[in-house]
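Data from start06.tsv: TSV, C-alpha atoms
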chain	number	residue	atom	x	y	z
A	1	PRO	CA	108.49	101.24	116.13
A	2	VAL	CA	106.90	103.77	118.50
A	3	ARG	CA	105.33	101.89	121.41
A	4	GLY	CA	104.69	98.92	119.15
A	5	MET	CA	103.63	100.99	116.12
A	6	ASP	CA	105.48	101.02	112.80
A	7	LEU	CA	105.30	104.52	111.36
A	8	GLY	CA	105.62	105.87	107.82
A	9	VAL	CA	104.43	105.08	104.33
A	10	ALA	CA	106.34	101.78	104.19
A	11	HIS	CA	103.99	100.38	106.83
A	12	SER	CA	100.81	102.15	105.74
A	13	LYS	CA	97.53	100.27	105.69
A	14	LEU	CA	96.23	102.65	103.03
A	15	LEU	CA	98.30	101.24	100.18
A	16	LEU	CA	96.97	98.65	97.72
A	17	ARG	CA	99.80	96.19	98.29
A	18	SER	CA	98.03	93.05	97.11
A	19	VAL	CA	96.00	92.03	94.08
A	20	ALA	CA	93.12	91.33	96.48
A	21	ALA	CA	93.25	94.94	97.70
A	22	VAL	CA	92.96	96.16	94.12
A	23	ARG	CA	90.05	93.80	93.47
A	24	ASN	CA	88.28	95.18	96.57
A	25	SER	CA	88.81	98.86	95.71
A	26	ALA	CA	85.38	100.37	95.08
A	27	GLU	CA	86.87	103.22	93.09
A	28	LEU	CA	88.89	100.97	90.79
A	29	GLN	CA	85.86	98.70	90.43
A	30	SER	CA	83.81	101.68	89.26
A	31	LEU	CA	86.49	102.41	86.66
A	32	GLY	CA	86.48	98.82	85.39
A	33	VAL	CA	90.15	98.09	86.10
A	34	ALA	CA	89.98	96.27	89.45
A	35	ASP	CA	89.85	92.83	87.89
A	36	GLY	CA	92.54	93.40	85.28
A	37	GLU	CA	96.28	92.77	85.30
A	38	THR	CA	98.40	94.62	87.84
A	39	ARG	CA	102.11	95.33	88.30
A	40	LYS	CA	103.96	95.84	91.56
A	41	ILE	CA	105.58	99.24	91.03
A	42	ASN	CA	106.47	102.41	92.90
A	43	MET	CA	105.16	105.93	92.32
A	44	CYS	CA	108.01	106.89	89.99
A	45	GLN	CA	107.30	103.87	87.78
A	46	ALA	CA	103.55	104.59	87.87
A	47	ILE	CA	104.17	108.11	86.55
A	48	ASN	CA	106.39	106.64	83.83
A	49	ASP	CA	103.57	104.24	82.97
A	50	ALA	CA	101.08	107.13	82.66
A	51	LEU	CA	103.44	109.05	80.39
A	52	ARG	CA	104.03	105.97	78.24
A	53	LEU	CA	100.31	105.31	77.91
A	54	THR	CA	99.72	108.91	76.89
A	55	LEU	CA	102.46	108.88	74.27
A	56	THR	CA	101.14	105.57	72.94
A	57	THR	CA	97.50	106.60	72.67
A	58	ASP	CA	97.89	110.28	71.75
A	59	ASP	CA	100.00	111.13	68.71
A	60	THR	CA	99.95	114.83	69.63
A	61	ALA	CA	101.55	114.26	73.05
A	62	VAL	CA	105.03	115.56	73.81
A	63	VAL	CA	107.08	115.32	77.03
A	64	PHE	CA	109.82	117.84	77.74
A	65	GLY	CA	111.85	119.50	80.47
A	66	GLU	CA	115.34	119.73	81.89
A	67	ASP	CA	117.14	116.36	81.50
A	68	VAL	CA	113.87	114.61	80.62
A	69	ALA	CA	115.32	112.78	77.62
A	70	PHE	CA	117.64	110.64	79.74
A	71	GLY	CA	114.95	110.07	82.38
A	72	GLY	CA	115.05	113.18	84.54
A	73	VAL	CA	116.79	113.52	87.89
A	74	PHE	CA	114.24	111.17	89.47
A	75	ARG	CA	114.06	108.85	86.41
A	76	CYS	CA	110.31	109.32	85.95
A	77	SER	CA	110.69	109.56	82.16
A	78	VAL	CA	113.40	106.93	81.75
A	79	GLY	CA	113.23	104.98	78.48
A	80	LEU	CA	110.60	107.19	76.86
A	81	ALA	CA	112.95	109.04	74.51
A	82	ASP	CA	114.34	105.72	73.24
A	83	GLU	CA	110.85	104.36	72.70
A	84	PHE	CA	109.13	107.40	71.18
A	85	GLY	CA	112.00	109.41	69.72
A	86	GLY	CA	113.63	112.75	70.35
A	87	GLU	CA	110.90	114.74	68.66
A	88	ARG	CA	108.35	113.70	71.28
A	89	VAL	CA	110.50	113.37	74.42
A	90	PHE	CA	113.25	115.94	74.63
A	91	ASN	CA	115.39	118.17	76.83
A	92	THR	CA	114.93	121.90	77.16
A	93	PRO	CA	117.35	124.67	78.15
A	94	LEU	CA	117.54	125.55	81.84
A	95	THR	CA	114.72	128.07	81.72
A	96	GLU	CA	111.54	127.38	83.64
A	97	GLN	CA	109.84	130.42	82.14
A	98	GLY	CA	110.76	129.10	78.70
A	99	ILE	CA	109.51	125.60	79.50
A	100	ALA	CA	106.12	126.95	80.58
A	101	GLY	CA	105.87	129.37	77.67
A	102	PHE	CA	106.81	126.67	75.17
A	103	GLY	CA	104.27	124.33	76.74
A	104	ILE	CA	101.53	126.92	76.47
A	105	GLY	CA	102.36	127.46	72.80
A	106	MET	CA	102.32	123.73	72.07
A	107	ALA	CA	98.98	123.33	73.86
A	108	ALA	CA	97.50	126.32	72.01
A	109	MET	CA	98.44	124.66	68.72
A	110	GLY	CA	96.56	121.50	69.67
A	111	HIS	CA	99.25	119.35	71.26
A	112	THR	CA	99.02	117.45	74.52
A	113	SER	CA	101.85	119.27	76.22
A	114	ILE	CA	103.47	117.62	79.27
A	115	ALA	CA	106.17	119.73	80.88
A	116	GLU	CA	108.43	118.87	83.80
A	117	ILE	CA	109.79	121.48	86.18
A	118	GLN	CA	112.73	119.68	87.77
A	119	PHE	CA	111.90	120.82	91.33
A	120	ALA	CA	108.80	122.70	92.51
A	121	ASP	CA	111.15	125.16	94.22
A	122	TYR	CA	112.18	126.37	90.75
A	123	ILE	CA	108.68	126.84	89.36
A	124	PHE	CA	108.64	130.52	90.32
A	125	PRO	CA	110.40	131.82	87.16
A	126	ALA	CA	107.46	130.20	85.32
A	127	PHE	CA	104.88	131.84	87.58
A	128	ASP	CA	104.04	134.65	85.17
A	129	GLN	CA	103.56	132.27	82.23
A	130	LEU	CA	101.36	129.90	84.24
A	131	VAL	CA	99.31	132.53	86.06
A	132	ASN	CA	99.00	135.27	83.43
A	133	GLU	CA	99.03	133.18	80.26
A	134	ALA	CA	98.05	129.52	80.75
A	135	ALA	CA	95.32	130.24	83.30
A	136	LYS	CA	93.79	133.15	81.35
A	137	PHE	CA	94.33	132.13	77.72
A	138	ARG	CA	90.83	130.74	77.17
A	139	TYR	CA	89.12	133.60	79.03
A	140	ARG	CA	90.90	136.47	77.28
A	141	SER	CA	90.37	134.98	73.83
A	142	GLY	CA	86.68	134.31	74.39
A	143	ASN	CA	87.42	130.57	74.07
A	144	GLU	CA	88.93	131.07	70.61
A	145	PHE	CA	92.21	129.72	71.95
A	146	ASN	CA	93.16	127.79	75.09
A	147	ALA	CA	96.08	126.11	76.82
A	148	GLY	CA	93.99	123.28	78.23
A	149	GLY	CA	96.34	120.68	76.81
A	150	LEU	CA	99.12	121.77	79.17
A	151	THR	CA	100.10	119.63	82.15
A	152	VAL	CA	103.03	120.59	84.36
A	153	ARG	CA	104.59	117.90	86.54
A	154	THR	CA	106.95	118.87	89.32
A	155	PRO	CA	108.53	117.06	92.33
A	156	SER	CA	107.63	118.86	95.55
A	157	ALA	CA	107.72	118.76	99.35
A	158	ALA	CA	110.31	117.60	101.84
A	159	VAL	CA	112.68	114.73	101.21
A	160	GLY	CA	114.76	114.77	104.39
A	161	HIS	CA	117.88	116.45	103.04
A	162	GLY	CA	116.72	119.00	100.47
A	163	GLY	CA	117.12	122.23	102.42
A	164	HIS	CA	115.40	125.41	101.39
A	165	TYR	CA	115.80	125.02	97.60
A	166	HIS	CA	114.65	121.41	97.19
A	167	SER	CA	111.88	120.97	99.78
A	168	GLN	CA	109.20	123.58	99.21
A	169	SER	CA	105.46	123.03	98.80
A	170	PRO	CA	104.20	125.96	96.69
A	171	GLU	CA	100.76	124.56	95.86
A	172	ALA	CA	98.85	127.37	97.61
A	173	PHE	CA	100.32	129.98	95.25
A	174	PHE	CA	98.64	128.26	92.31
A	175	ALA	CA	95.45	127.27	94.14
A	176	HIS	CA	94.74	131.01	94.26
A	177	VAL	CA	94.51	131.22	90.45
A	178	PRO	CA	91.23	130.76	88.55
A	179	GLY	CA	91.88	128.75	85.40
A	180	LEU	CA	94.44	126.32	86.83
A	181	LYS	CA	93.87	122.92	88.38
A	182	VAL	CA	96.23	121.68	91.11
A	183	VAL	CA	96.66	118.00	91.99
A	184	VAL	CA	98.75	116.25	94.67
A	185	PRO	CA	98.81	112.39	94.61
A	186	ARG	CA	99.66	110.19	97.60
A	187	SER	CA	100.68	106.84	96.05
A	188	ALA	CA	101.48	104.88	92.91
A	189	VAL	CA	97.88	103.94	92.06
A	190	GLN	CA	96.77	107.51	92.70
A	191	ALA	CA	99.65	109.06	90.77
A	192	LYS	CA	98.92	107.11	87.59
A	193	GLY	CA	95.18	107.69	87.63
A	194	LEU	CA	95.33	111.36	88.61
A	195	LEU	CA	98.10	112.12	86.09
A	196	MET	CA	96.08	110.50	83.31
A	197	SER	CA	93.13	112.69	84.28
A	198	ALA	CA	95.29	115.82	84.52
A	199	ILE	CA	96.74	115.22	81.06
A	200	ARG	CA	93.31	114.69	79.50
A	201	ASP	CA	91.51	117.44	81.39
A	202	PRO	CA	90.62	120.43	79.15
A	203	ASN	CA	92.27	122.85	81.58
A	204	PRO	CA	95.94	123.55	82.35
A	205	THR	CA	96.87	121.43	85.35
A	206	ILE	CA	99.83	121.37	87.72
A	207	VAL	CA	100.65	118.06	89.39
A	208	PHE	CA	102.81	118.41	92.49
A	209	GLU	CA	104.42	115.01	93.09
A	210	PRO	CA	105.74	114.48	96.66
A	211	LYS	CA	109.22	113.30	95.74
A	212	ILE	CA	109.80	111.44	99.01
A	213	LEU	CA	107.09	109.02	97.85
A	214	TYR	CA	108.71	108.18	94.51
A	215	ARG	CA	110.44	105.09	95.90
A	216	SER	CA	109.11	104.86	99.46
A	217	ALA	CA	106.62	102.08	98.78
A	218	VAL	CA	105.04	99.97	96.04
A	219	GLU	CA	101.47	99.11	95.12
A	220	GLN	CA	99.77	96.73	92.75
A	221	VAL	CA	98.95	99.22	89.99
A	222	PRO	CA	96.48	98.31	87.23
A	223	VAL	CA	98.21	97.93	83.88
A	224	ASP	CA	95.14	99.19	82.01
A	225	ASP	CA	94.47	102.82	81.20
A	226	TYR	CA	92.36	104.46	83.95
A	227	MET	CA	91.54	107.97	85.14
A	228	LEU	CA	90.83	108.92	88.75
A	229	PRO	CA	88.43	111.85	89.13
A	230	LEU	CA	89.81	115.32	89.73
A	231	SER	CA	88.19	117.58	92.34
A	232	GLN	CA	86.89	114.56	94.25
A	233	ALA	CA	88.24	113.89	97.73
A	234	GLU	CA	88.53	110.34	99.04
A	235	ILE	CA	87.48	109.19	102.49
A	236	LEU	CA	90.28	106.79	103.39
A	237	LYS	CA	89.01	105.90	106.84
A	238	PRO	CA	85.50	106.55	108.19
A	239	GLY	CA	85.12	107.96	111.70
A	240	ALA	CA	82.66	109.70	113.98
A	241	ASP	CA	84.53	112.08	116.29
A	242	VAL	CA	86.94	114.24	114.28
A	243	THR	CA	87.66	114.87	110.60
A	244	VAL	CA	91.35	114.83	109.64
A	245	VAL	CA	92.22	116.24	106.22
A	246	GLY	CA	95.41	116.34	104.15
A	247	TYR	CA	96.98	115.47	100.82
A	248	GLY	CA	100.17	114.03	99.37
A	249	SER	CA	102.80	112.58	101.68
A	250	GLN	CA	101.12	114.18	104.69
A	251	ILE	CA	98.40	111.53	104.49
A	252	TYR	CA	100.72	108.96	106.08
A	253	VAL	CA	101.60	111.33	108.92
A	254	LEU	CA	97.88	111.78	109.56
A	255	GLU	CA	97.34	108.02	109.43
A	256	ASN	CA	99.96	107.52	112.16
A	257	ALA	CA	98.56	110.32	114.32
A	258	ILE	CA	95.10	108.75	114.07
A	259	GLN	CA	96.48	105.34	115.02
A	260	MET	CA	98.10	106.86	118.11
A	261	ILE	CA	95.04	108.84	119.19
A	262	GLU	CA	92.72	105.86	118.77
A	263	ARG	CA	95.15	103.73	120.76
A	264	ASP	CA	95.39	106.26	123.61
A	265	MET	CA	91.73	107.32	123.63
A	266	PRO	CA	89.65	104.13	123.35
A	267	GLY	CA	86.29	104.67	121.72
A	268	VAL	CA	87.42	107.64	119.63
A	269	SER	CA	87.29	107.23	115.83
A	270	CYS	CA	88.78	109.67	113.33
A	271	GLU	CA	87.71	110.19	109.73
A	272	LEU	CA	90.65	110.59	107.32
A	273	ILE	CA	90.15	112.45	104.02
A	274	ASP	CA	92.63	112.88	101.15
A	275	LEU	CA	91.73	115.99	99.12
A	276	ARG	CA	93.78	114.79	96.09
A	277	THR	CA	92.87	117.94	94.15
A	278	ILE	CA	93.27	121.28	95.90
A	279	MET	CA	92.05	123.46	93.03
A	280	PRO	CA	89.12	123.17	92.55
A	281	TYR	CA	88.82	121.22	95.81
A	282	ASP	CA	85.99	119.05	97.08
A	283	ALA	CA	84.58	121.17	99.91
A	284	GLU	CA	81.30	119.24	99.95
A	285	THR	CA	82.85	115.93	101.03
A	286	VAL	CA	84.78	117.66	103.82
A	287	ALA	CA	81.73	119.65	104.95
A	288	GLN	CA	79.57	116.54	105.12
A	289	SER	CA	82.20	114.88	107.29
A	290	VAL	CA	82.58	117.87	109.61
A	291	ASN	CA	78.80	118.21	109.98
A	292	LYS	CA	78.91	114.63	111.25
A	293	THR	CA	81.99	114.83	113.50
A	294	GLY	CA	81.85	118.48	114.62
A	295	ARG	CA	85.64	118.80	114.52
A	296	MET	CA	88.37	119.21	111.90
A	297	VAL	CA	92.15	119.04	111.80
A	298	ILE	CA	93.97	119.86	108.53
A	299	ALA	CA	97.68	119.48	107.91
A	300	HIS	CA	100.18	120.27	105.17
A	301	GLU	CA	103.93	120.83	104.87
A	302	ALA	CA	103.68	124.35	103.45
A	303	PRO	CA	103.92	127.26	105.92
A	304	ARG	CA	100.87	127.92	108.06
A	305	ILE	CA	100.37	131.59	107.16
A	306	GLN	CA	98.32	131.84	103.96
A	307	GLY	CA	98.67	128.08	103.46
A	308	PHE	CA	95.89	126.05	101.86
A	309	ALA	CA	94.67	125.03	105.32
A	310	SER	CA	93.58	128.64	105.84
A	311	GLU	CA	91.27	128.49	102.81
A	312	LEU	CA	89.78	125.16	103.83
A	313	ALA	CA	89.31	126.26	107.45
A	314	ALA	CA	87.49	129.42	106.34
A	315	GLU	CA	85.25	127.52	103.92
A	316	ILE	CA	84.32	124.86	106.47
A	317	GLN	CA	83.56	127.30	109.28
A	318	GLU	CA	81.20	129.12	106.90
A	319	ARG	CA	79.46	125.88	105.94
A	320	CYS	CA	79.52	124.10	109.32
A	321	PHE	CA	79.64	126.85	111.95
A	322	LEU	CA	76.61	125.69	113.91
A	323	ARG	CA	77.85	122.09	113.96
A	324	LEU	CA	81.41	122.77	115.09
A	325	GLU	CA	82.26	121.56	118.61
A	326	SER	CA	85.76	123.08	118.67
A	327	PRO	CA	87.96	125.49	116.69
A	328	ILE	CA	89.39	124.11	113.46
A	329	GLU	CA	93.01	123.06	113.99
A	330	ARG	CA	95.78	123.70	111.44
A	331	VAL	CA	99.03	121.73	111.66
A	332	CYS	CA	101.49	123.10	109.11
A	333	GLY	CA	105.10	123.85	108.36
A	334	LEU	CA	106.58	126.82	110.18
A	335	SER	CA	106.54	130.23	108.54
A	336	LEU	CA	110.24	130.32	107.74
A	337	PRO	CA	112.51	129.06	104.93
A	338	HIS	CA	112.55	125.28	104.86
A	339	PRO	CA	115.53	124.33	107.06
A	340	LEU	CA	118.07	121.57	106.48
A	341	VAL	CA	119.43	120.32	109.81
A	342	PHE	CA	116.31	121.49	111.67
A	343	GLU	CA	113.82	120.02	109.21
A	344	ARG	CA	112.30	117.67	111.78
A	345	PHE	CA	111.33	120.68	113.92
A	346	TYR	CA	109.75	122.39	110.91
A	347	MET	CA	107.65	119.47	109.72
A	348	PRO	CA	104.03	118.84	110.79
A	349	CYS	CA	104.90	115.45	112.27
A	350	ALA	CA	102.57	112.80	113.70
A	351	VAL	CA	103.13	114.06	117.25
A	352	ARG	CA	102.05	117.61	116.34
A	353	VAL	CA	98.97	116.25	114.57
A	354	TYR	CA	98.26	113.97	117.56
A	355	GLU	CA	98.32	116.97	119.90
A	356	ALA	CA	96.01	118.93	117.58
A	357	ILE	CA	93.48	116.09	117.44
A	358	LYS	CA	93.66	115.76	121.23
A	359	ARG	CA	93.06	119.51	121.69
A	360	SER	CA	90.09	119.34	119.36
A	361	LEU	CA	88.57	116.39	121.20
A	362	ASN	CA	89.15	117.87	124.65
A	363	TYR	CA	87.93	121.38	123.86

Write the structure described by the file as structure tokens, please.
Amino acid sequence: PVRGMDLGVAHSKLLLRSVAAVRNSAELQSLGVADGETRKINMCQAINDALRLTLTTDDTAVVFGEDVAFGGVFRCSVGLADEFGGERVFNTPLTEQGIAGFGIGMAAMGHTSIAEIQFADYIFPAFDQLVNEAAKFRYRSGNEFNAGGLTVRTPSAAVGHGGHYHSQSPEAFFAHVPGLKVVVPRSAVQAKGLLMSAIRDPNPTIVFEPKILYRSAVEQVPVDDYMLPLSQAEILKPGADVTVVGYGSQIYVLENAIQMIERDMPGVSCELIDLRTIMPYDAETVAQSVNKTGRMVIAHEAPRIQGFASELAAEIQERCFLRLESPIERVCGLSLPHPLVFERFYMPCAVRVYEAIKRSLNY
């Protein structure tokens, strides 16, 4: 505890830990699954559930990647090969470019193609296939062909001991590419619903799964099939004085920073927004919030220079310039290779976010 506060996802008030919380979720109510059966599972199990539902309901679906047949290094696909057979859930050679190219081909032939890149740090050999082929296939063929059935899952972001080859957050590279969708879930309920939407969306989609969240906490996840909307941000906590924006595991850091600032500055209330999808992102929800609060702080683990926060800051200052009361604050990873022993100095922690919110309020 920090001065009486329990920090981190395990103590988050944002998670749907109880059946009652699921019943009271307006979003799940709108999808018709709030009153159904739930299971207490973690994010890894929720992803497995989404994959199982897809394989059950879609005969064209295939799941593949390095070590996927035995469950993958994080066990997200465990049991699926036994249940659905080796022709639908199978291992690939150690070639990320080949995995992406094969997935594009399967999608172009009408399959629901679900690829796993074992770590987001190793997605770069597949960059050409994803950027120059998957993203442009429909456009260059005049919609005669497309790779919209392709979904790429990949574990991303810091895990505490990954170093520079198992900790990166490369989402901004792909958010720059017209034709791709990019999704980053924050929890088990979100991961299942957003993955189901990504798989069924008629565009190639990359889902960056913050691997530190795989087993960090559990939620009561609806058993039924449901799809959470892509390109729609979620206001997790309403507020009046400053808008705080993030996605993925960073949401819990922002939650803690908000708790600390509201404790130390009585009367201040912060609005917390989870983008969920960063390409195409929901600028309208963020702009409406900033027009109300006059201030914005955005945080992500990726390096600050050319990070996604730069895009969002530019968009919001264009939309909200006359309503801004202070400069937009960015709290990001440092612009250097992700360190191992010095990771805690690199990360945009709650204290750094706290200081950014305080600067914004005191400007």

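Comparing A:Leu272, A:Ala350, A:Ala157, A:Met5 by their smallest distance to A:Pro303, the closest is A:Ala157 (using only C-alpha atoms).
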
Residues within 7 Å of (105.2, 115.2, 98.4), counting only C-alpha atoms, listed as a JSON list (two decimals) with C-alpha atoms, in the frame of the given file:
[["chain", "number", "residue", "atom", "x", "y", "z"],
["A", 156, "SER", "CA", 107.63, 118.86, 95.55],
["A", 157, "ALA", "CA", 107.72, 118.76, 99.35],
["A", 158, "ALA", "CA", 110.31, 117.60, 101.84],
["A", 209, "GLU", "CA", 104.42, 115.01, 93.09],
["A", 210, "PRO", "CA", 105.74, 114.48, 96.66],
["A", 211, "LYS", "CA", 109.22, 113.30, 95.74],
["A", 212, "ILE", "CA", 109.80, 111.44, 99.01],
["A", 213, "LEU", "CA", 107.09, 109.02, 97.85],
["A", 248, "GLY", "CA", 100.17, 114.03, 99.37],
["A", 249, "SER", "CA", 102.80, 112.58, 101.68]]

Item checked: Option closest in space to A:Leu340, from A:Gln288, A:Ser167, A:Ser360, A:Asn256 [counting all atoms listed in the file] ->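 Residue with the minimum atom-to-atom distance to A:Leu340: A:Ser167.
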
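Between atom CA of A:Gly294 and atom CA of A:Val253 the interatomic distance comes to 21.8 Å.
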
Item checked: A:Val189, A:Ala314, A:Ala135, A:Ala147 ranked by distance to A:Cys44, top pick (using all atoms listed in the file) ->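 Using all atoms listed in the file, A:Cys44 sits closest to A:Val189.
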